[in-house]
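Source file input.txt; content: compact mmCIF, C-alpha atoms and all ligand atoms.
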```
# COMPACT_ATOMS: atom_id res chain seq x y z
CA MET F 5 -4.84 -6.66 21.47
CA ASN F 6 -1.63 -4.84 21.60
CA SER F 7 -1.07 -1.45 23.03
CA PHE F 8 0.13 1.05 20.55
CA SER F 9 3.72 2.02 20.50
CA VAL F 10 5.73 4.04 18.08
CA ASN F 11 7.90 0.95 17.60
CA ASN F 12 5.03 -0.61 15.74
CA TYR F 13 5.94 1.66 12.89
CA SER F 14 8.66 0.29 10.75
CA ALA F 15 9.95 2.19 7.84
CA PHE F 16 10.32 0.18 4.73
CA ASN F 17 13.90 -0.25 3.86
CA THR F 18 14.26 2.62 1.48
CA PRO F 19 17.59 3.99 0.39
CA TYR F 20 16.35 7.34 1.56
CA SER F 21 15.97 8.54 5.06
CA TYR F 22 13.21 10.72 6.30
CA TYR F 23 14.74 13.63 8.08
CA ASN F 24 12.37 14.39 10.91
CA GLY F 25 14.71 16.66 12.75
CA SER F 26 14.59 20.38 12.59
CA TYR F 27 14.91 20.90 8.86
CA SER F 28 11.56 22.07 7.76
CA ALA F 29 11.63 20.66 4.29
CA PRO F 30 13.57 17.61 3.32
CA TYR F 31 13.12 16.89 -0.34
CA TRP F 32 11.96 13.90 -2.31
CA GLN F 33 14.31 11.33 -0.91
CA GLY F 34 12.76 11.93 2.44
CA GLN F 35 9.75 9.76 1.97
CA GLN F 36 9.11 6.69 3.94
CA VAL F 37 5.92 4.80 3.83
CA TYR F 38 4.85 3.92 7.32
CA TYR F 39 3.16 0.70 8.06
CA THR F 40 2.50 -1.51 11.00
CA GLU F 41 3.35 -5.14 11.34
CA PRO F 42 0.20 -7.22 11.39
CA GLU F 43 -0.33 -8.59 14.88
CA ASN F 44 -1.60 -11.99 15.74
CA ASN F 45 -4.55 -11.09 17.86
CA GLY F 46 -5.38 -14.65 18.80
CA ALA F 47 -7.90 -17.22 17.70
CA ASP F 48 -10.90 -15.02 18.48
CA ASN F 49 -9.91 -12.72 15.68
CA ALA F 50 -12.49 -12.62 12.95
CA ALA F 51 -11.27 -13.91 9.60
CA LYS F 52 -12.56 -10.70 8.08
CA THR F 53 -10.15 -8.60 10.12
CA VAL F 54 -7.24 -10.85 9.27
CA GLY F 55 -8.13 -10.58 5.58
CA LEU F 56 -8.35 -6.82 5.77
CA ALA F 57 -5.06 -6.60 7.64
CA ALA F 58 -3.35 -8.74 5.03
CA MET F 59 -4.83 -6.64 2.25
CA LEU F 60 -3.65 -3.42 3.87
CA GLN F 61 -0.23 -4.91 4.32
CA ALA F 62 -0.02 -5.86 0.65
CA LEU F 63 -1.26 -2.39 -0.29
CA ALA F 64 1.40 -0.75 1.88
CA ILE F 65 4.10 -2.77 0.17
CA GLY F 66 2.73 -1.82 -3.24
CA ILE F 67 2.71 1.85 -2.23
CA GLN F 68 6.29 1.57 -1.09
CA LYS F 69 7.36 -0.02 -4.37
CA GLY F 70 5.60 2.75 -6.27
CA SER F 71 7.32 5.40 -4.21
CA GLN F 72 10.71 3.83 -4.90
CA TRP F 73 9.93 3.75 -8.59
CA PHE F 74 9.26 7.49 -8.65
CA ALA F 75 12.33 8.22 -6.53
CA LYS F 76 14.51 6.21 -8.94
CA LYS F 77 12.91 7.97 -11.87
CA LEU F 78 13.75 11.31 -10.31
CA GLU F 79 17.27 10.23 -9.51
CA ALA F 80 17.77 9.20 -13.12
CA GLY F 81 16.04 12.35 -14.40
CA LYS F 82 18.04 14.65 -16.62
CA GLU F 83 18.80 18.26 -15.81
CA PHE F 84 16.52 20.63 -17.70
CA THR F 85 19.30 23.08 -18.50
CA SER F 86 22.96 23.84 -17.75
CA SER F 87 24.07 24.42 -14.17
CA ASP F 88 25.09 27.93 -15.20
CA ASN F 89 21.51 28.70 -16.14
CA VAL F 90 20.18 27.11 -12.95
CA HIS F 91 22.49 29.32 -10.87
CA LYS F 92 21.18 32.41 -12.67
CA ILE F 93 17.56 31.36 -12.17
CA ALA F 94 18.22 30.65 -8.50
CA ASP F 95 19.89 34.05 -8.05
CA SER F 96 16.97 35.81 -9.69
CA MET F 97 14.53 33.87 -7.49
CA ILE F 98 16.37 35.06 -4.37
CA LYS F 99 16.37 38.68 -5.53
CA ARG F 100 12.78 38.71 -6.72
CA ASN F 101 11.43 37.19 -3.48
CA LYS F 102 13.92 39.10 -1.31
CA LEU F 103 15.05 35.86 0.27
CA ASN F 104 17.65 35.88 2.99
CA VAL F 105 18.98 32.47 1.99
CA THR F 106 22.39 31.00 1.36
CA VAL F 107 22.50 28.65 -1.59
CA ASP F 108 25.09 25.92 -1.83
CA TYR F 109 25.73 23.19 -4.39
CA ILE F 110 27.22 20.28 -2.52
CA THR F 111 29.97 17.91 -3.61
CA PRO F 112 31.65 15.18 -1.54
CA GLN F 113 34.61 17.57 -1.22
CA ASN F 114 33.00 20.88 -0.36
CA ARG F 115 30.70 19.24 2.16
CA ALA F 116 33.66 19.46 4.55
CA ARG F 117 32.95 23.13 5.11
CA TYR F 118 29.99 22.09 7.27
CA ALA F 119 32.05 19.74 9.44
CA SER F 120 31.66 22.03 12.47
CA ASN F 121 27.93 21.23 12.52
CA PRO F 122 27.76 17.42 12.77
CA ALA F 123 23.98 17.18 12.33
CA LEU F 124 24.03 19.28 9.21
CA TYR F 125 27.17 17.62 7.93
CA ASN F 126 25.52 14.25 8.32
CA GLU F 127 22.42 15.37 6.48
CA LEU F 128 24.57 16.60 3.61
CA GLU F 129 25.95 13.14 2.89
CA ASP F 130 23.02 12.20 0.65
CA VAL F 131 23.07 15.63 -0.94
CA ALA F 132 26.73 15.20 -1.87
CA LYS F 133 25.82 11.85 -3.43
CA GLY F 134 23.13 13.48 -5.56
CA GLN F 135 20.32 11.80 -3.62
CA ASN F 136 18.77 14.65 -1.69
CA ALA F 137 18.29 18.38 -1.46
CA PHE F 138 16.75 20.45 1.30
CA TYR F 139 15.99 23.85 2.69
CA ALA F 140 16.89 24.32 6.35
CA ASP F 141 14.93 27.30 7.63
CA GLN F 142 16.89 27.51 10.89
CA TYR F 143 20.10 28.11 8.93
CA LYS F 144 18.42 29.90 6.02
CA LEU F 145 20.30 27.44 3.87
CA ALA F 146 19.18 25.78 0.65
CA VAL F 147 21.31 22.96 -0.71
CA ALA F 148 21.24 20.78 -3.79
CA PRO F 149 23.78 18.37 -5.25
CA LYS F 150 26.25 20.03 -7.60
CA SER F 151 25.42 17.17 -9.96
CA LYS F 152 21.69 17.99 -9.79
CA PRO F 153 21.50 21.75 -9.32
CA SER F 154 17.93 22.10 -10.63
CA LEU F 155 16.62 20.73 -7.32
CA ILE F 156 17.61 24.07 -5.76
CA LEU F 157 14.67 25.85 -7.42
CA HIS F 158 12.22 23.66 -5.51
CA GLU F 159 14.13 24.28 -2.27
CA LEU F 160 14.05 28.02 -2.87
CA GLY F 161 10.32 27.50 -3.38
CA HIS F 162 10.21 26.22 0.22
CA ALA F 163 12.19 29.27 1.33
CA THR F 164 9.69 31.51 -0.48
CA ASN F 165 6.80 29.60 1.13
CA THR F 166 8.04 30.62 4.58
CA LYS F 167 7.11 34.22 3.68
CA ASN F 168 3.47 33.18 3.45
CA PRO F 169 1.98 32.53 6.93
CA ILE F 170 -0.39 29.82 5.70
CA LEU F 171 2.21 27.96 3.64
CA LYS F 172 4.64 28.29 6.53
CA LEU F 173 2.05 26.67 8.81
CA LEU F 174 1.59 23.83 6.31
CA GLN F 175 5.36 23.41 6.23
CA LYS F 176 5.55 23.17 10.02
CA SER F 177 2.73 20.61 10.15
CA ARG F 178 4.95 18.05 8.48
CA ARG F 179 6.73 17.02 11.62
CA TYR F 180 3.45 16.16 13.35
CA ALA F 181 1.89 14.25 10.46
CA VAL F 182 3.67 11.00 11.30
CA TYR F 183 1.87 10.91 14.64
CA ALA F 184 -1.50 10.72 12.90
CA PRO F 185 -2.06 6.97 13.50
CA MET F 186 -1.35 7.35 17.21
CA ALA F 187 -3.39 10.53 17.51
CA LEU F 188 -6.34 8.95 15.70
CA LEU F 189 -6.18 5.89 17.92
CA LEU F 190 -6.15 8.02 21.06
CA ALA F 191 -9.00 10.17 19.78
CA SER F 192 -10.97 7.05 18.88
CA LYS F 193 -10.54 5.66 22.40
CA VAL F 194 -11.68 8.97 23.87
CA ILE F 195 -14.79 9.07 21.69
CA GLY F 196 -15.65 5.45 22.43
CA LYS F 197 -18.27 3.36 20.65
CA PRO F 198 -21.53 4.84 19.44
CA GLN F 199 -24.65 3.21 20.82
CA ASP F 200 -26.20 2.31 17.48
CA ARG F 201 -23.21 0.95 15.56
CA ASP F 202 -20.02 -0.95 16.21
CA LYS F 203 -17.58 1.63 14.89
CA ASN F 204 -17.14 5.30 15.63
CA PHE F 205 -16.37 7.99 13.05
CA ILE F 206 -12.60 7.69 13.40
CA GLU F 207 -12.65 3.91 13.14
CA ARG F 208 -14.71 4.13 9.97
CA ASN F 209 -12.58 6.85 8.34
CA ALA F 210 -9.09 6.24 9.70
CA GLY F 211 -7.56 5.84 6.24
CA VAL F 212 -8.89 9.11 4.88
CA LEU F 213 -8.08 10.93 8.12
CA GLY F 214 -4.50 9.61 8.08
CA PHE F 215 -4.08 10.77 4.50
CA ALA F 216 -5.60 14.15 5.41
CA ALA F 217 -2.88 14.62 8.02
CA PHE F 218 -0.32 14.53 5.23
CA LEU F 219 -2.26 16.71 2.82
CA PRO F 220 -0.77 20.00 4.12
CA THR F 221 2.69 18.61 3.37
CA ILE F 222 1.66 17.56 -0.13
CA ILE F 223 0.19 20.99 -0.82
CA GLU F 224 3.24 22.81 0.46
CA GLU F 225 5.51 20.56 -1.61
CA GLY F 226 3.44 21.26 -4.71
CA ALA F 227 3.55 24.99 -4.01
CA ALA F 228 7.36 24.88 -3.67
CA SER F 229 7.67 23.09 -7.00
CA LEU F 230 5.34 25.54 -8.77
CA LYS F 231 7.42 28.44 -7.49
CA GLY F 232 10.57 26.74 -8.75
CA ILE F 233 9.05 26.12 -12.18
CA ASN F 234 7.69 29.66 -12.44
CA ALA F 235 11.08 31.11 -11.55
CA VAL F 236 12.40 29.98 -14.94
CA LYS F 237 10.20 32.34 -16.91
CA HIS F 238 11.08 35.33 -14.74
CA VAL F 239 14.63 35.33 -16.08
CA PRO F 240 15.06 37.24 -19.35
CA LYS F 241 15.83 34.76 -22.15
CA ASN F 242 18.92 36.69 -23.26
CA LEU F 243 20.56 36.03 -19.89
CA LEU F 244 20.33 32.25 -20.37
CA ASN F 245 22.50 30.27 -22.76
CA GLY F 246 21.98 27.00 -24.55
CA ALA F 247 19.19 24.47 -24.25
CA LEU F 248 16.42 24.83 -21.70
CA ASN F 249 13.52 22.39 -21.46
CA THR F 250 11.04 23.22 -18.72
CA ASN F 251 9.11 20.00 -19.42
CA ILE F 252 12.01 18.01 -18.00
CA LEU F 253 11.91 20.12 -14.83
CA LYS F 254 8.14 19.64 -14.56
CA ARG F 255 8.48 15.89 -15.02
CA ASN F 256 11.19 15.67 -12.35
CA TYR F 257 9.16 17.70 -9.88
CA LEU F 258 6.06 15.62 -10.61
CA CYS F 259 7.98 12.46 -9.72
CA ALA F 260 8.98 14.14 -6.47
CA LEU F 261 5.39 15.09 -5.71
CA ALA F 262 4.26 11.54 -6.46
CA THR F 263 6.50 10.23 -3.67
CA TYR F 264 4.79 12.64 -1.28
CA ILE F 265 1.32 11.64 -2.39
CA LEU F 266 2.22 7.99 -1.92
CA ALA F 267 3.66 8.77 1.50
CA GLY F 268 0.28 10.29 2.37
CA VAL F 269 -1.50 7.16 1.19
CA GLY F 270 0.96 5.14 3.27
CA LEU F 271 0.10 7.20 6.32
CA GLY F 272 -3.59 6.57 5.66
CA ILE F 273 -2.94 2.82 5.49
CA ALA F 274 -0.88 2.93 8.68
CA SER F 275 -3.70 4.78 10.43
CA LYS F 276 -6.22 2.18 9.34
CA GLN F 277 -3.91 -0.64 10.43
CA THR F 278 -3.39 0.93 13.84
CA ILE F 279 -7.15 1.23 14.39
CA ILE F 280 -7.77 -2.36 13.25
CA GLU F 281 -5.04 -3.80 15.44
CA ASN F 282 -6.33 -2.01 18.48
CA SER F 283 -10.03 -2.62 18.11
ZN ZN I 301 10.29 19.78 -0.92
```
As structure tokens - that is how I would like this structure written.
Amino acid sequence: MNSFSVNNYSAFNTPYSYYNGSYSAPYWQGQQVYYTEPENNGADNAAKTVGLAAMLQALAIGIQKGSQWFAKKLEAGKEFTSSDNVHKIADSMIKRNKLNVTVDYITPQNRARYASNPALYNELEDVAKGQNAFYADQYKLAVAPKSKPSLILHELGHATNTKNPILKLLQKSRRYAVYAPMALLLASKVIGKPQDRDKNFIERNAGVLGFAAFLPTIIEEGAASLKGINAVKHVPKNLLNGALNTNILKRNYLCALATYILAGVGLGIASKQTIIENS
């Protein structure tokens, strides 16, 4: 038996960091899959539990690999149209939704203008490299890499989501989702064992419950992407020049959503692992 501690959670070594600070909506690169190290619970441990723990561990690693695959796919994804067109679509999105948001396309050079805010400046490093984009509600700031401007439409989708009380609530829930394994464990201890069986409801359903904790985030992410995709058709065709392929945008955003879904599955696995280790 080991007592639970947050240190039990190790992030897989992804090239992307999960920003769990005050930005409400880090983008695709933000996903980590959480997992717990299997513990050696001693010789009394049933072989069944050890087998299950090993299986969950293997599953967590597979999930992580899958997430990285989608992230790489997104990173290598083409832009669906010229940056000029993206800027126009973004501007129209701001006007149409009456957003009070500053949009910025970050390069390694222009990032310096945020040097007075070290936390923000730090966060912009990956954006400058083309590896992240985010909407920071506290600054009413949406940023995307200058090299990958189309990500801004998704971020403006997050900004638009804040105008809807329910979607805003889903957005805020993100920061608490990572505590699901700990919360489930505590709740399970409070409930205790039922008289007629050896596992309580939480112990039996920890995986699904852990995933459910991340579902609001997945939904809000999907909603942000849909808003970004829909923004394209609200701009009159004669204002846009050259090629425009919305299917590329959809594919890119789907890869992003896949990393979130897998992160949810990872959280479910971590929840199950935490319950197993502590029972
Ligand atoms: Zn997002």
key: Shell around F:Ala228 at 7 Å using all atoms listed in the file, local window under 2 positions removed, as a list of chain:residue names   = F:His158, F:Glu159, F:Gly161, F:His162, F:Asn165, F:Glu224, F:Glu225, F:Gly226, F:Leu230, F:Lys231, F:Gly232
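If all atoms listed in the file are the atoms counted, then among F:Ala187, F:Val54, F:Leu244, F:Val131 the closest residue to F:Ser86 is F:Leu244.
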task = Please provide the set of residues having any atom within 12 Å of stretch 254-261 of chain F, restricted to only C-alpha atoms, with same-chain residues fewer than 6 positions apart removed, written as an MDAnalysis selection string.
result = chainID F and resid 30:35 70:84 135:137 152 154:159 161 219 221:234 236 267:268
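Using only C-alpha atoms and all ligand atoms, the smallest distance between any of F:Asn245, F:Gln175, F:Thr278, F:Thr250 and ligand ZN 301 (chain I) comes from F:Gln175.
Neighbouring residues of F:Ala181 at 6 Å or closer, counting only C-alpha atoms and skipping chain neighbours under 3 positions away, are Arg178, Ala184, Ala217 and Phe218 of chain F.
Take atom CA of F:Lys69 and atom CA of F:Leu271: the distance between them is 14.8 Å.
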Polymer residues at most 9 Å from F:Thr106, all atoms listed in the file, same-chain spacing of 5 or more positions, as a short mmCIF file (atom, residue, chain, number, x, y, z; two decimals) with C-alpha atoms, in the frame of the given file:
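Printed below is result.cif as written:
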```cif
data_model
loop_
_atom_site.label_atom_id
_atom_site.label_comp_id
_atom_site.auth_asym_id
_atom_site.auth_seq_id
_atom_site.Cartn_x
_atom_site.Cartn_y
_atom_site.Cartn_z
CA TYR F 143 20.10 28.11 8.93
CA LYS F 144 18.42 29.90 6.02
CA LEU F 145 20.30 27.44 3.87
CA ALA F 146 19.18 25.78 0.65
CA VAL F 147 21.31 22.96 -0.71
#
```
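Across the structure, atom CA of F:Leu174 and atom CA of F:Ala262 are spaced 17.9 Å apart.
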task = Could you check which of F:Leu128, F:Ile252, F:Ala58, F:Leu160 is closest to F:Ala116, using only C-alpha atoms?
result = F:Leu128
query = Which of these, F:Lys193, F:Gly270, F:Ala140, F:Arg201, has the shortest distance to ligand ZN 301 (chain I) once you count only C-alpha atoms and all ligand atoms?
reply = F:Ala140
note = One decimal place gives the atom CA of F:Asn242-atom CA of F:Asn89 separation as 11.0 Å
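Counting only C-alpha atoms and comparing F:Leu213, F:Ile265, F:Ala148, F:Ile195, the residue that lies closest to F:Val90 is F:Ala148.
Between ligand ZN 301 (chain I) and the residues F:Leu103, F:Ala51, F:Ala163, F:Met97, the shortest atom-to-atom distance, using all atoms listed in the file, involves F:Ala163.
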Is there a way to get, as a short mmCIF file (atom, residue, chain, number, x, y, z; two decimals) with C-alpha atoms, in the coordinates of the input, all residues within 9 Å of the point (27.7, 22.6, -8.8) in file coordinates, counting only C-alpha atoms?
```cif
data_model
loop_
_atom_site.label_atom_id
_atom_site.label_comp_id
_atom_site.auth_asym_id
_atom_site.auth_seq_id
_atom_site.Cartn_x
_atom_site.Cartn_y
_atom_site.Cartn_z
CA SER F 87 24.07 24.42 -14.17
CA ASP F 88 25.09 27.93 -15.20
CA HIS F 91 22.49 29.32 -10.87
CA ASP F 108 25.09 25.92 -1.83
CA TYR F 109 25.73 23.19 -4.39
CA ILE F 110 27.22 20.28 -2.52
CA THR F 111 29.97 17.91 -3.61
CA ALA F 148 21.24 20.78 -3.79
CA PRO F 149 23.78 18.37 -5.25
CA LYS F 150 26.25 20.03 -7.60
CA SER F 151 25.42 17.17 -9.96
CA LYS F 152 21.69 17.99 -9.79
CA PRO F 153 21.50 21.75 -9.32
#
```
